[in-house]
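Peer 1: PDB, C-alpha atoms, file model_38.pdb:
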```pdb
ATOM      1  CA  MET W  32     -48.818 -31.653 -12.899
ATOM      2  CA  ALA W  33     -47.805 -30.474  -9.396
ATOM      3  CA  GLN W  34     -45.541 -33.474  -9.055
ATOM      4  CA  THR W  35     -43.762 -32.572 -12.325
ATOM      5  CA  VAL W  36     -43.221 -28.967 -11.120
ATOM      6  CA  ARG W  37     -41.826 -30.200  -7.787
ATOM      7  CA  LYS W  38     -39.513 -32.568  -9.636
ATOM      8  CA  LYS W  39     -38.233 -29.759 -11.886
ATOM      9  CA  LEU W  40     -37.668 -27.495  -8.863
ATOM     10  CA  GLY W  41     -35.830 -30.306  -7.127
ATOM     11  CA  ILE W  42     -33.543 -30.784 -10.133
ATOM     12  CA  LYS W  43     -32.879 -27.004 -10.268
ATOM     13  CA  ARG W  44     -31.964 -26.990  -6.569
ATOM     14  CA  ILE W  45     -29.575 -29.894  -7.107
ATOM     15  CA  ILE W  46     -27.959 -28.133 -10.093
ATOM     16  CA  CYS W  47     -27.644 -24.856  -8.110
ATOM     17  CA  SER W  48     -26.178 -26.771  -5.174
ATOM     18  CA  ILE W  49     -23.633 -28.507  -7.414
ATOM     19  CA  ARG W  50     -22.698 -25.181  -9.082
ATOM     20  CA  PHE W  51     -22.188 -23.546  -5.705
ATOM     21  CA  ARG W  52     -20.045 -26.418  -4.437
ATOM     22  CA  VAL W  53     -17.931 -26.383  -7.599
ATOM     23  CA  TYR W  54     -17.508 -22.594  -7.362
ATOM     24  CA  ARG W  55     -16.570 -22.808  -3.681
ATOM     25  CA  PHE W  56     -14.097 -25.630  -4.398
ATOM     26  CA  PHE W  57     -12.223 -23.609  -7.035
ATOM     27  CA  ALA W  58     -12.531 -20.269  -5.188
ATOM     28  CA  ARG W  59     -10.785 -21.720  -2.172
ATOM     29  CA  ARG W  60      -7.949 -22.953  -4.344
ATOM     30  CA  SER W  61      -7.608 -19.912  -6.591
ATOM     31  CA  ARG W  62      -7.630 -17.130  -4.022
ATOM     32  CA  PRO W  63      -4.236 -16.127  -2.595
ATOM     33  CA  MET W  64      -2.978 -17.920   0.482
ATOM     34  CA  ILE W  65       0.064 -17.467   2.669
ATOM     35  CA  ILE W  66       2.200 -20.597   2.865
ATOM     36  CA  MET W  67       5.185 -21.470   5.030
ATOM     37  CA  GLN W  68       8.546 -21.740   3.272
ATOM     38  CA  LYS W  69      10.626 -24.371   5.095
ATOM     39  CA  TYR W  70      13.729 -24.038   2.913
ATOM     40  CA  ASP W  71      15.273 -21.170   1.005
ATOM     41  CA  PHE W  72      15.925 -21.525  -2.722
ATOM     42  CA  GLN W  73      19.478 -22.709  -2.098
ATOM     43  CA  GLY W  74      18.271 -25.602   0.084
ATOM     44  CA  LYS W  75      19.036 -24.111   3.515
ATOM     45  CA  ARG W  76      16.497 -24.581   6.313
ATOM     46  CA  ILE W  77      14.659 -21.358   7.285
ATOM     47  CA  HIS W  78      12.044 -20.739   9.967
ATOM     48  CA  ASP W  79       8.707 -18.935   9.962
ATOM     49  CA  THR W  80       9.112 -17.420   6.492
ATOM     50  CA  ARG W  81       5.767 -16.976   4.744
ATOM     51  CA  ILE W  82       5.134 -16.246   1.065
ATOM     52  CA  SER W  83       1.838 -15.613  -0.708
ATOM     53  CA  THR W  84       0.824 -18.082  -3.409
ATOM     54  CA  SER W  85       0.084 -15.047  -5.603
ATOM     55  CA  ALA W  86       3.640 -13.642  -5.284
ATOM     56  CA  PHE W  87       5.759 -14.043  -8.430
ATOM     57  CA  LEU W  88       9.378 -14.962  -7.729
ATOM     58  CA  ASP W  89      11.550 -14.604 -10.843
ATOM     59  CA  HIS W  90      15.067 -16.113 -10.743
ATOM     60  CA  PRO W  91      14.638 -17.663  -7.270
ATOM     61  CA  GLU W  92      18.118 -19.212  -7.559
ATOM     62  CA  THR W  93      19.569 -15.760  -6.791
ATOM     63  CA  LEU W  94      16.953 -14.769  -4.210
ATOM     64  CA  TYR W  95      18.383 -15.136  -0.693
ATOM     65  CA  LEU W  96      15.887 -15.355   2.176
ATOM     66  CA  SER W  97      16.261 -15.697   5.920
ATOM     67  CA  ASP W  98      14.007 -16.445   8.916
ATOM     68  CA  HIS W  99      10.728 -14.699   9.820
ATOM     69  CA  ILE W 100      10.175 -13.054   6.418
ATOM     70  CA  TYR W 101       6.732 -12.189   5.070
ATOM     71  CA  ILE W 102       6.071 -11.597   1.342
ATOM     72  CA  GLY W 103       2.513 -10.377   0.731
ATOM     73  CA  HIS W 104      -0.072 -10.986  -1.955
ATOM     74  CA  TYR W 105       0.593 -10.031  -5.595
ATOM     75  CA  SER W 106       4.188  -8.961  -5.001
ATOM     76  CA  ILE W 107       6.838  -9.422  -7.702
ATOM     77  CA  ILE W 108      10.425 -10.278  -6.777
ATOM     78  CA  GLU W 109      12.708 -10.172  -9.850
ATOM     79  CA  ALA W 110      16.094 -11.416  -8.637
ATOM     80  CA  SER W 111      18.128 -11.915 -11.842
ATOM     81  CA  ASN W 112      20.933  -9.752 -10.386
ATOM     82  CA  THR W 113      20.605 -10.992  -6.792
ATOM     83  CA  ILE W 114      18.209  -9.931  -4.062
ATOM     84  CA  THR W 115      18.889 -10.521  -0.378
ATOM     85  CA  ILE W 116      16.100 -10.134   2.170
ATOM     86  CA  GLU W 117      17.354 -10.437   5.723
ATOM     87  CA  GLU W 118      15.648 -11.757   8.830
ATOM     88  CA  GLY W 119      12.309 -10.363   9.937
ATOM     89  CA  CYS W 120      11.522  -8.282   6.845
ATOM     90  CA  GLN W 121       7.950  -7.739   5.735
ATOM     91  CA  ILE W 122       7.195  -7.088   2.074
ATOM     92  CA  GLY W 123       3.748  -5.514   1.608
ATOM     93  CA  PHE W 124       1.059  -6.341  -0.952
ATOM     94  CA  HIS W 125       1.566  -5.410  -4.627
ATOM     95  CA  THR W 126       5.237  -4.573  -4.067
ATOM     96  CA  VAL W 127       7.920  -4.873  -6.766
ATOM     97  CA  LEU W 128      11.602  -5.607  -6.157
ATOM     98  CA  ALA W 129      13.392  -5.425  -9.519
ATOM     99  CA  SER W 130      17.122  -6.059  -9.925
ATOM    100  CA  HIS W 131      17.147  -4.850 -13.518
ATOM    101  CA  SER W 132      15.525  -2.025 -15.442
ATOM    102  CA  SER W 133      15.148  -1.908 -19.227
ATOM    103  CA  HIS W 134      12.709   0.976 -19.731
ATOM    104  CA  ASN W 135      15.372   3.416 -20.981
ATOM    105  CA  SER W 136      17.118   1.001 -23.335
ATOM    106  CA  ILE W 137      13.900  -0.304 -24.923
ATOM    107  CA  ARG W 138      12.991   3.273 -25.817
ATOM    108  CA  LEU W 139      16.494   4.095 -27.093
ATOM    109  CA  TYR W 140      16.900   0.981 -29.255
ATOM    110  CA  GLY W 141      13.304   0.477 -30.320
ATOM    111  CA  LYS W 142      12.930  -2.478 -32.708
ATOM    112  CA  HIS W 143      16.723  -3.107 -32.557
ATOM    113  CA  TYR W 144      16.536  -3.806 -28.800
ATOM    114  CA  SER W 145      17.028  -7.577 -29.125
ATOM    115  CA  GLU W 146      20.003  -7.179 -31.502
ATOM    116  CA  VAL W 147      22.299  -5.481 -28.964
ATOM    117  CA  LYS W 148      23.908  -7.401 -26.094
ATOM    118  CA  ASP W 149      25.323  -4.632 -23.861
ATOM    119  CA  LYS W 150      22.644  -2.003 -24.049
ATOM    120  CA  ILE W 151      23.061   1.635 -23.075
ATOM    121  CA  GLY W 152      20.490   2.579 -20.465
ATOM    122  CA  TYR W 153      19.973  -1.009 -19.293
ATOM    123  CA  VAL W 154      20.458  -1.073 -15.521
ATOM    124  CA  ARG W 155      21.475  -4.150 -13.546
ATOM    125  CA  GLY W 156      22.130  -4.217  -9.825
ATOM    126  CA  SER W 157      21.519  -6.114  -6.625
ATOM    127  CA  ILE W 158      19.030  -5.271  -3.874
ATOM    128  CA  HIS W 159      19.752  -5.778  -0.194
ATOM    129  CA  ILE W 160      17.095  -5.266   2.482
ATOM    130  CA  GLY W 161      18.375  -5.208   6.061
ATOM    131  CA  LYS W 162      16.864  -6.976   9.050
ATOM    132  CA  TYR W 163      13.428  -6.078  10.434
ATOM    133  CA  THR W 164      12.590  -3.685   7.613
ATOM    134  CA  PHE W 165       9.010  -3.058   6.470
ATOM    135  CA  VAL W 166       8.343  -2.352   2.778
ATOM    136  CA  GLY W 167       4.944  -0.710   2.353
ATOM    137  CA  PRO W 168       2.348  -1.788  -0.245
ATOM    138  CA  TYR W 169       2.681  -0.666  -3.869
ATOM    139  CA  SER W 170       6.343   0.273  -3.423
ATOM    140  CA  LEU W 171       9.036  -0.208  -6.055
ATOM    141  CA  ILE W 172      12.591  -1.118  -5.030
ATOM    142  CA  ASN W 173      14.933  -0.411  -7.943
ATOM    143  CA  PRO W 174      18.302  -2.017  -8.860
ATOM    144  CA  ASN W 175      21.428  -0.982  -6.929
ATOM    145  CA  THR W 176      19.546  -0.375  -3.678
ATOM    146  CA  THR W 177      20.560  -1.118  -0.103
ATOM    147  CA  ILE W 178      18.112  -0.573   2.745
ATOM    148  CA  GLY W 179      19.590  -0.516   6.236
ATOM    149  CA  LYS W 180      18.112  -2.613   9.014
ATOM    150  CA  GLY W 181      15.074  -1.528  10.999
ATOM    151  CA  SER W 182      13.789   0.758   8.267
ATOM    152  CA  ILE W 183      10.275   1.611   7.098
ATOM    153  CA  ILE W 184       9.460   2.262   3.449
ATOM    154  CA  ALA W 185       6.169   4.119   3.069
ATOM    155  CA  ALA W 186       3.518   2.816   0.679
ATOM    156  CA  TYR W 187       3.758   3.936  -2.974
ATOM    157  CA  SER W 188       7.470   4.813  -2.703
ATOM    158  CA  SER W 189       9.997   4.404  -5.515
ATOM    159  CA  VAL W 190      13.307   3.587  -3.864
ATOM    160  CA  ARG W 191      16.799   3.686  -5.351
ATOM    161  CA  GLY W 192      20.178   4.102  -3.665
ATOM    162  CA  HIS W 193      21.707   3.442  -0.280
ATOM    163  CA  PHE W 194      19.839   4.186   2.933
ATOM    164  CA  PRO W 195      21.225   3.968   6.487
ATOM    165  CA  ASP W 196      19.908   1.775   9.298
ATOM    166  CA  TYR W 197      16.623   2.826  10.927
ATOM    167  CA  SER W 198      15.525   5.098   8.071
ATOM    168  CA  ILE W 199      11.966   6.160   7.396
ATOM    169  CA  ILE W 200      11.875   6.335   3.596
ATOM    170  CA  ALA W 201       9.090   7.853   1.489
ATOM    171  CA  GLY W 202       8.349   9.500  -1.847
ATOM    172  CA  ASN W 203       8.980   9.216  -5.567
ATOM    173  CA  PRO W 204      11.933   9.424  -5.745
ATOM    174  CA  ALA W 205      12.184   8.250  -2.135
ATOM    175  CA  THR W 206      14.236  10.114   0.449
ATOM    176  CA  VAL W 207      14.879   9.689   4.168
ATOM    177  CA  ILE W 208      12.223  11.642   6.062
ATOM    178  CA  GLY W 209      12.956  10.443   9.590
ATOM    179  CA  SER W 210      14.368   7.784  11.877
ATOM    180  CA  THR W 211      12.598   4.731  13.244
ATOM    181  CA  LYS W 212      14.801   5.117  16.365
ATOM    182  CA  ASP W 213      12.854   8.301  17.236
ATOM    183  CA  LYS W 214       9.561   6.540  16.534
ATOM    184  CA  ASP W 215      10.537   3.556  18.675
ATOM    185  CA  LEU W 216      11.487   5.664  21.711
ATOM    186  CA  LYS W 217       7.795   6.317  22.435
ATOM    187  CA  PHE W 218       7.076   2.587  22.555
ATOM    188  CA  LEU W 219      10.131   1.884  24.711
ATOM    189  CA  GLU W 220       9.194   4.610  27.201
ATOM    190  CA  GLN W 221       5.627   3.331  27.434
ATOM    191  CA  TYR W 222       6.613  -0.361  27.530
ATOM    192  CA  PRO W 223      10.082  -0.595  29.134
ATOM    193  CA  GLU W 224       9.890  -4.397  29.125
ATOM    194  CA  LEU W 225      10.477  -4.217  25.345
ATOM    195  CA  LYS W 226      13.985  -2.779  25.767
ATOM    196  CA  GLU W 227      15.485  -6.230  26.362
ATOM    197  CA  PHE W 228      14.180  -7.429  22.981
ATOM    198  CA  TYR W 229      14.817  -4.193  21.120
ATOM    199  CA  TYR W 230      18.461  -3.741  22.024
ATOM    200  CA  ASP W 231      19.136  -7.434  21.417
ATOM    201  CA  ASN W 232      18.726  -6.657  17.698
ATOM    202  CA  ASP W 233      21.828  -4.434  17.559
TER     203      ASP W 233
END
```
Give the structure from this file in structure tokens form.
Peer 2:
Amino acid sequence: MAQTVRKKLGIKRIICSIRFRVYRFFARRSRPMIIMQKYDFQGKRIHDTRISTSAFLDHPETLYLSDHIYIGHYSIIEASNTITIEEGCQIGFHTVLASHSSHNSIRLYGKHYSEVKDKIGYVRGSIHIGKYTFVGPYSLINPNTTIGKGSIIAAYSSVRGHFPDYSIIAGNPATVIGSTKDKDLKFLEQYPELKEFYYDND
């Protein structure tokens, strides 16, 4: 009797062990990971650009990437009308870059939406993000937007339009609320050895 109980417990342990190993195997492969992108989508060699496996890249043929870019987990890059992300940019988690917008036209046309080719209210436009810019998590970058280099976009911002270099951008709709040049002065005063690197970016 005791031997039968021990045998059953042993079988249960084996089954639990196998279940755990199977779960761990698939969990490791299903959770998001950051992978190195050695080439851009036009076949040009790029360096130290990292993209999450959970990021969705739509129309990669018109997505132009450079070196040292980071695209975080669960971001969506919709590049049907061209998106350019320059060197050193960081795209935060759950961020959307959309080069078209159909929310007005779908409402205006309703069930006739698919019948009309050139729709009123349908917006198409490129997005250009300048060097060393940080796009905060949960932000939306709309069509026809240019972000100057060295800018910061605060989390949860909805950005549309043209913004100068070194802008601090925040809000919905987003506006310029400051300059990263002012922010950086504190670091440069405290760590003067950084000036050589900083001014090399101009």
Peer 1: Taking (13.1, 8.3, -0.4) in the file's coordinates as the center, which residues reach within 9 Å of it, counting all atoms listed in the file, put as an MDAnalysis selection string?
Peer 2: chainID W and resid 184:185 188:192 194 199:208
Peer 1: Extract, using only C-alpha atoms, all DNA, RNA and protein residues at most 9 Å from Ile183 of chain W, discarding same-chain residues fewer than 6 positions from it, and format them as a list of chain:residue names.
Peer 2: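 Those residues are W:Tyr163, W:Thr164, W:Phe165, W:Val166, W:Gly167, W:Tyr197, W:Ser198, W:Ile199, W:Ile200, W:Ala201, W:Ser210, W:Thr211.
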Peer 1: Please compute the atom CA of Phe218 of chain W-atom CA of Ser170 of chain W distance, one decimal, in Å.
Peer 2: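 So the answer is 26.1 Å.
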Peer 1: Looking at only C-alpha atoms, which of W:Gly161, W:Pro223, W:Pro174, W:Gly74 is the one that sits closest to Ile100 of chain W?
Peer 2: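 So, comparing all the options, the nearest one is W:Gly161.
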Peer 1: Would you write out, as a PDB file with C-alpha atoms, in the coordinates of the input, every residue that the PyMOL selection byres ((chain W and resi 86) around 9) captures in this file?
Peer 2:
```
ATOM      1  CA  PRO W  63      -4.236 -16.127  -2.595  1.00  0.00           C
ATOM      2  CA  ILE W  82       5.134 -16.246   1.065  1.00  0.00           C
ATOM      3  CA  SER W  83       1.838 -15.613  -0.708  1.00  0.00           C
ATOM      4  CA  THR W  84       0.824 -18.082  -3.409  1.00  0.00           C
ATOM      5  CA  SER W  85       0.084 -15.047  -5.603  1.00  0.00           C
ATOM      6  CA  PHE W  87       5.759 -14.043  -8.430  1.00  0.00           C
ATOM      7  CA  LEU W  88       9.378 -14.962  -7.729  1.00  0.00           C
ATOM      8  CA  ILE W 102       6.071 -11.597   1.342  1.00  0.00           C
ATOM      9  CA  GLY W 103       2.513 -10.377   0.731  1.00  0.00           C
ATOM     10  CA  HIS W 104      -0.072 -10.986  -1.955  1.00  0.00           C
ATOM     11  CA  TYR W 105       0.593 -10.031  -5.595  1.00  0.00           C
ATOM     12  CA  SER W 106       4.188  -8.961  -5.001  1.00  0.00           C
ATOM     13  CA  ILE W 107       6.838  -9.422  -7.702  1.00  0.00           C
ATOM     14  CA  ILE W 108      10.425 -10.278  -6.777  1.00  0.00           C
ATOM     15  CA  PHE W 124       1.059  -6.341  -0.952  1.00  0.00           C
ATOM     16  CA  HIS W 125       1.566  -5.410  -4.627  1.00  0.00           C
TER      17      HIS W 125
END
```
Peer 1: Please evaluate the PyMOL selection byres ((chain W and resi 68) around 6) against the structure above and give the resulting residues as a list of chain:residue names.
Peer 2: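 Here the PyMOL selection byres ((chain W and resi 68) around 6) matches W:Met67, W:Lys69, W:Tyr70, W:Thr80, W:Arg81.
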Peer 1: I'd like the residues picked by the PyMOL selection byres ((chain W and resi 94) around 10) written out as a list of chain:residue names, using the chain letters and numbers from the file.
Peer 2: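 Selection result, ordered by chain and number: W:Asp71, W:Phe72, W:Gln73, W:Leu88, W:Asp89, W:His90, W:Pro91, W:Glu92, W:Thr93, W:Tyr95, W:Leu96, W:Ile108, W:Glu109, W:Ala110, W:Ser111, W:Asn112, W:Thr113, W:Ile114, W:Thr115, W:Ile116, W:Ile158.
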Peer 1: Quick one: of W:Val154, W:Leu219, W:Ile122, W:Ile46, who's nearest to Ser136 of chain W, counting all atoms listed in the file?
Peer 2: W:Val154
Peer 1: Pick out the residues sitting within 6 Å of Glu118 of chain W, and hand them over as a list in words; count only C-alpha atoms, and ignore anything fewer than 2 positions along from it in its own chain.
Peer 2: Ser97, Asp98, His99, Cys120 and Lys162 of chain W
Peer 1: Just to confirm, what's the straight-line distance from atom CA of Ile66 of chain W to atom CA of Asn173 of chain W in Å (one decimal)?
Peer 2: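 Taking atom CA of Ile66 of chain W and atom CA of Asn173 of chain W, their separation equals 26.2 Å.
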Peer 1: Please indicate the distance in Å from atom CA of Tyr230 of chain W to atom CA of Gly119 of chain W, rounded to one decimal place.
Peer 2: 15.1 Å
Peer 1: Where's the centre, and what are the edge lengths in Å to one decimal, of a box along x, y and z enclosing all listed atoms of segment 96-105 of chain W padded 8 Å per side, as AutoDock Vina command-line options?
Peer 2:
```
--center_x 8.1 --center_y -13.2 --center_z 2.1 --size_x 32.3 --size_y 22.4 --size_z 31.4
```
Peer 1: Could I see segment 122-154 of chain W restored to N, CA and C atoms, set down as a PDB file, in the frame of the given file?
Peer 2:
```
ATOM      1  N   ILE W 122       7.382  -7.680   3.395  1.00  0.00           N
ATOM      2  CA  ILE W 122       7.195  -7.088   2.074  1.00  0.00           C
ATOM      3  C   ILE W 122       5.695  -6.979   1.832  1.00  0.00           C
ATOM      4  N   GLY W 123       5.185  -5.751   1.701  1.00  0.00           N
ATOM      5  CA  GLY W 123       3.748  -5.514   1.608  1.00  0.00           C
ATOM      6  C   GLY W 123       3.136  -5.975   0.295  1.00  0.00           C
ATOM      7  N   PHE W 124       1.809  -5.917   0.234  1.00  0.00           N
ATOM      8  CA  PHE W 124       1.059  -6.341  -0.952  1.00  0.00           C
ATOM      9  C   PHE W 124       1.414  -5.490  -2.171  1.00  0.00           C
ATOM     10  N   HIS W 125       1.371  -6.107  -3.346  1.00  0.00           N
ATOM     11  CA  HIS W 125       1.566  -5.410  -4.627  1.00  0.00           C
ATOM     12  C   HIS W 125       2.893  -4.650  -4.688  1.00  0.00           C
ATOM     13  N   THR W 126       3.920  -5.209  -4.086  1.00  0.00           N
ATOM     14  CA  THR W 126       5.237  -4.573  -4.067  1.00  0.00           C
ATOM     15  C   THR W 126       6.131  -5.195  -5.137  1.00  0.00           C
ATOM     16  N   VAL W 127       6.999  -4.376  -5.734  1.00  0.00           N
ATOM     17  CA  VAL W 127       7.920  -4.873  -6.766  1.00  0.00           C
ATOM     18  C   VAL W 127       9.355  -4.637  -6.320  1.00  0.00           C
ATOM     19  N   LEU W 128      10.159  -5.700  -6.334  1.00  0.00           N
ATOM     20  CA  LEU W 128      11.602  -5.607  -6.157  1.00  0.00           C
ATOM     21  C   LEU W 128      12.216  -6.049  -7.478  1.00  0.00           C
ATOM     22  N   ALA W 129      12.867  -5.133  -8.180  1.00  0.00           N
ATOM     23  CA  ALA W 129      13.392  -5.425  -9.519  1.00  0.00           C
ATOM     24  C   ALA W 129      14.890  -5.173  -9.570  1.00  0.00           C
ATOM     25  N   SER W 130      15.660  -6.209  -9.884  1.00  0.00           N
ATOM     26  CA  SER W 130      17.122  -6.059  -9.925  1.00  0.00           C
ATOM     27  C   SER W 130      17.633  -5.723 -11.327  1.00  0.00           C
ATOM     28  N   HIS W 131      16.733  -5.412 -12.231  1.00  0.00           N
ATOM     29  CA  HIS W 131      17.147  -4.850 -13.518  1.00  0.00           C
ATOM     30  C   HIS W 131      16.066  -3.880 -13.992  1.00  0.00           C
ATOM     31  N   SER W 132      16.461  -3.001 -14.888  1.00  0.00           N
ATOM     32  CA  SER W 132      15.525  -2.025 -15.442  1.00  0.00           C
ATOM     33  C   SER W 132      15.869  -1.797 -16.908  1.00  0.00           C
ATOM     34  N   SER W 133      14.880  -2.016 -17.785  1.00  0.00           N
ATOM     35  CA  SER W 133      15.148  -1.908 -19.227  1.00  0.00           C
ATOM     36  C   SER W 133      14.355  -0.784 -19.892  1.00  0.00           C
ATOM     37  N   HIS W 134      13.637   0.018 -19.108  1.00  0.00           N
ATOM     38  CA  HIS W 134      12.709   0.976 -19.731  1.00  0.00           C
ATOM     39  C   HIS W 134      13.413   2.063 -20.540  1.00  0.00           C
ATOM     40  N   ASN W 135      14.647   2.422 -20.168  1.00  0.00           N
ATOM     41  CA  ASN W 135      15.372   3.416 -20.981  1.00  0.00           C
ATOM     42  C   ASN W 135      15.907   2.795 -22.265  1.00  0.00           C
ATOM     43  N   SER W 136      16.492   1.606 -22.152  1.00  0.00           N
ATOM     44  CA  SER W 136      17.118   1.001 -23.335  1.00  0.00           C
ATOM     45  C   SER W 136      16.083   0.561 -24.376  1.00  0.00           C
ATOM     46  N   ILE W 137      14.916   0.101 -23.940  1.00  0.00           N
ATOM     47  CA  ILE W 137      13.900  -0.304 -24.923  1.00  0.00           C
ATOM     48  C   ILE W 137      13.438   0.904 -25.747  1.00  0.00           C
ATOM     49  N   ARG W 138      13.397   2.046 -25.104  1.00  0.00           N
ATOM     50  CA  ARG W 138      12.991   3.273 -25.817  1.00  0.00           C
ATOM     51  C   ARG W 138      14.106   3.740 -26.743  1.00  0.00           C
ATOM     52  N   LEU W 139      15.355   3.626 -26.296  1.00  0.00           N
ATOM     53  CA  LEU W 139      16.494   4.095 -27.093  1.00  0.00           C
ATOM     54  C   LEU W 139      16.745   3.221 -28.323  1.00  0.00           C
ATOM     55  N   TYR W 140      16.594   1.907 -28.159  1.00  0.00           N
ATOM     56  CA  TYR W 140      16.900   0.981 -29.255  1.00  0.00           C
ATOM     57  C   TYR W 140      15.685   0.633 -30.111  1.00  0.00           C
ATOM     58  N   GLY W 141      14.501   0.791 -29.552  1.00  0.00           N
ATOM     59  CA  GLY W 141      13.304   0.477 -30.320  1.00  0.00           C
ATOM     60  C   GLY W 141      13.303  -0.953 -30.840  1.00  0.00           C
ATOM     61  N   LYS W 142      13.040  -1.130 -32.134  1.00  0.00           N
ATOM     62  CA  LYS W 142      12.930  -2.478 -32.708  1.00  0.00           C
ATOM     63  C   LYS W 142      14.278  -3.201 -32.782  1.00  0.00           C
ATOM     64  N   HIS W 143      15.386  -2.493 -32.548  1.00  0.00           N
ATOM     65  CA  HIS W 143      16.723  -3.107 -32.557  1.00  0.00           C
ATOM     66  C   HIS W 143      17.148  -3.575 -31.160  1.00  0.00           C
ATOM     67  N   TYR W 144      16.238  -3.478 -30.198  1.00  0.00           N
ATOM     68  CA  TYR W 144      16.536  -3.806 -28.800  1.00  0.00           C
ATOM     69  C   TYR W 144      17.154  -5.201 -28.656  1.00  0.00           C
ATOM     70  N   SER W 145      16.564  -6.193 -29.305  1.00  0.00           N
ATOM     71  CA  SER W 145      17.028  -7.577 -29.125  1.00  0.00           C
ATOM     72  C   SER W 145      18.329  -7.871 -29.868  1.00  0.00           C
ATOM     73  N   GLU W 146      18.786  -6.950 -30.718  1.00  0.00           N
ATOM     74  CA  GLU W 146      20.003  -7.179 -31.502  1.00  0.00           C
ATOM     75  C   GLU W 146      21.277  -6.809 -30.736  1.00  0.00           C
ATOM     76  N   VAL W 147      21.137  -6.007 -29.685  1.00  0.00           N
ATOM     77  CA  VAL W 147      22.299  -5.481 -28.964  1.00  0.00           C
ATOM     78  C   VAL W 147      22.455  -6.197 -27.626  1.00  0.00           C
ATOM     79  N   LYS W 148      23.671  -6.663 -27.338  1.00  0.00           N
ATOM     80  CA  LYS W 148      23.908  -7.401 -26.094  1.00  0.00           C
ATOM     81  C   LYS W 148      24.072  -6.447 -24.906  1.00  0.00           C
ATOM     82  N   ASP W 149      25.070  -5.572 -24.961  1.00  0.00           N
ATOM     83  CA  ASP W 149      25.323  -4.632 -23.861  1.00  0.00           C
ATOM     84  C   ASP W 149      24.647  -3.305 -24.193  1.00  0.00           C
ATOM     85  N   LYS W 150      23.481  -3.133 -23.664  1.00  0.00           N
ATOM     86  CA  LYS W 150      22.644  -2.003 -24.049  1.00  0.00           C
ATOM     87  C   LYS W 150      22.919  -0.775 -23.174  1.00  0.00           C
ATOM     88  N   ILE W 151      23.001   0.369 -23.800  1.00  0.00           N
ATOM     89  CA  ILE W 151      23.061   1.635 -23.075  1.00  0.00           C
ATOM     90  C   ILE W 151      21.709   1.868 -22.416  1.00  0.00           C
ATOM     91  N   GLY W 152      21.735   2.306 -21.180  1.00  0.00           N
ATOM     92  CA  GLY W 152      20.490   2.579 -20.465  1.00  0.00           C
ATOM     93  C   GLY W 152      19.889   1.392 -19.741  1.00  0.00           C
ATOM     94  N   TYR W 153      20.460   0.201 -19.968  1.00  0.00           N
ATOM     95  CA  TYR W 153      19.973  -1.009 -19.293  1.00  0.00           C
ATOM     96  C   TYR W 153      20.662  -1.104 -17.937  1.00  0.00           C
ATOM     97  N   VAL W 154      19.900  -1.118 -16.876  1.00  0.00           N
ATOM     98  CA  VAL W 154      20.458  -1.073 -15.521  1.00  0.00           C
ATOM     99  C   VAL W 154      20.329  -2.441 -14.868  1.00  0.00           C
TER     100      VAL W 154
END
```
